[in-house]
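Chemist: Just dropping this structure here.
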Amino acid sequence: MDNFPKYYTRLFNGVTDAIEALLVERPEDALNILVEAQQDAEEMYLEDGET
């Protein structure tokens with residue numbers, strides 16, 4: 001299996017955490033998790049110079 005970029009792993013883990021928050025009926029937490037994961041992944045992508 002190929003190594004995935006750090007930003008992909010960060011985003012995937014954020015989605016997983018958001019799903020868990022939704023399963024315990026915490027939609028606001030899920031939203032915050034997704035927004036933070038998206039911002040982190042974007043920053044990591046830009047830092048890697050892959051534009």
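Chains: A, B, ... in order of the structure tokens. Residues: from 1 per chain. Ligands: from 1, in order shown.
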As a PDB file with C-alpha atoms, in the first residue's frame, please: every residue in chain A that DSSP puts in helix (DSSP H, G or I).

Modeler:
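states.pdb written:
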ATOM      1  CA  LYS A   6       0.100  13.699   5.822  1.00  0.00           C
ATOM      2  CA  TYR A   7      -2.730  16.007   4.839  1.00  0.00           C
ATOM      3  CA  TYR A   8      -4.811  13.083   3.573  1.00  0.00           C
ATOM      4  CA  THR A   9      -4.304  11.184   6.812  1.00  0.00           C
ATOM      5  CA  ARG A  10      -5.233  14.269   8.845  1.00  0.00           C
ATOM      6  CA  LEU A  11      -8.414  14.796   6.869  1.00  0.00           C
ATOM      7  CA  PHE A  12      -9.372  11.108   7.007  1.00  0.00           C
ATOM      8  CA  ASN A  13      -8.885  11.010  10.776  1.00  0.00           C
ATOM      9  CA  GLY A  14     -10.974  14.164  11.123  1.00  0.00           C
ATOM     10  CA  VAL A  15     -13.812  12.587   9.168  1.00  0.00           C
ATOM     11  CA  THR A  16     -13.617   9.502  11.369  1.00  0.00           C
ATOM     12  CA  ASP A  17     -13.778  11.651  14.516  1.00  0.00           C
ATOM     13  CA  ALA A  18     -16.697  13.629  13.101  1.00  0.00           C
ATOM     14  CA  ILE A  19     -18.621  10.432  12.370  1.00  0.00           C
ATOM     15  CA  GLU A  20     -18.075   9.309  15.953  1.00  0.00           C
ATOM     16  CA  ALA A  21     -19.379  12.677  17.205  1.00  0.00           C
ATOM     17  CA  LEU A  22     -22.471  12.331  15.025  1.00  0.00           C
ATOM     18  CA  LEU A  23     -23.127   8.832  16.361  1.00  0.00           C
ATOM     19  CA  PRO A  27     -23.432  17.650  15.529  1.00  0.00           C
ATOM     20  CA  GLU A  28     -21.757  20.894  16.589  1.00  0.00           C
ATOM     21  CA  ASP A  29     -18.659  18.966  17.653  1.00  0.00           C
ATOM     22  CA  ALA A  30     -18.719  17.111  14.330  1.00  0.00           C
ATOM     23  CA  LEU A  31     -18.866  20.380  12.418  1.00  0.00           C
ATOM     24  CA  ASN A  32     -15.971  21.850  14.395  1.00  0.00           C
ATOM     25  CA  ILE A  33     -13.907  18.703  13.870  1.00  0.00           C
ATOM     26  CA  LEU A  34     -14.496  18.807  10.114  1.00  0.00           C
ATOM     27  CA  VAL A  35     -13.665  22.495   9.802  1.00  0.00           C
ATOM     28  CA  GLU A  36     -10.465  22.092  11.802  1.00  0.00           C
ATOM     29  CA  ALA A  37      -9.420  19.009   9.841  1.00  0.00           C
ATOM     30  CA  GLN A  38     -10.052  20.810   6.556  1.00  0.00           C
ATOM     31  CA  GLN A  39      -8.015  23.829   7.634  1.00  0.00           C
ATOM     32  CA  ASP A  40      -5.179  21.659   8.943  1.00  0.00           C
ATOM     33  CA  ALA A  41      -5.089  19.569   5.767  1.00  0.00           C
ATOM     34  CA  GLU A  42      -5.059  22.647   3.560  1.00  0.00           C
ATOM     35  CA  GLU A  43      -2.199  24.148   5.552  1.00  0.00           C
ATOM     36  CA  MET A  44      -0.243  20.881   5.359  1.00  0.00           C
ATOM     37  CA  TYR A  45      -0.834  20.669   1.618  1.00  0.00           C
ATOM     38  CA  LEU A  46       0.457  24.194   1.078  1.00  0.00           C
ATOM     39  CA  GLU A  47       3.480  23.583   3.329  1.00  0.00           C
TER      40      GLU A  47
END
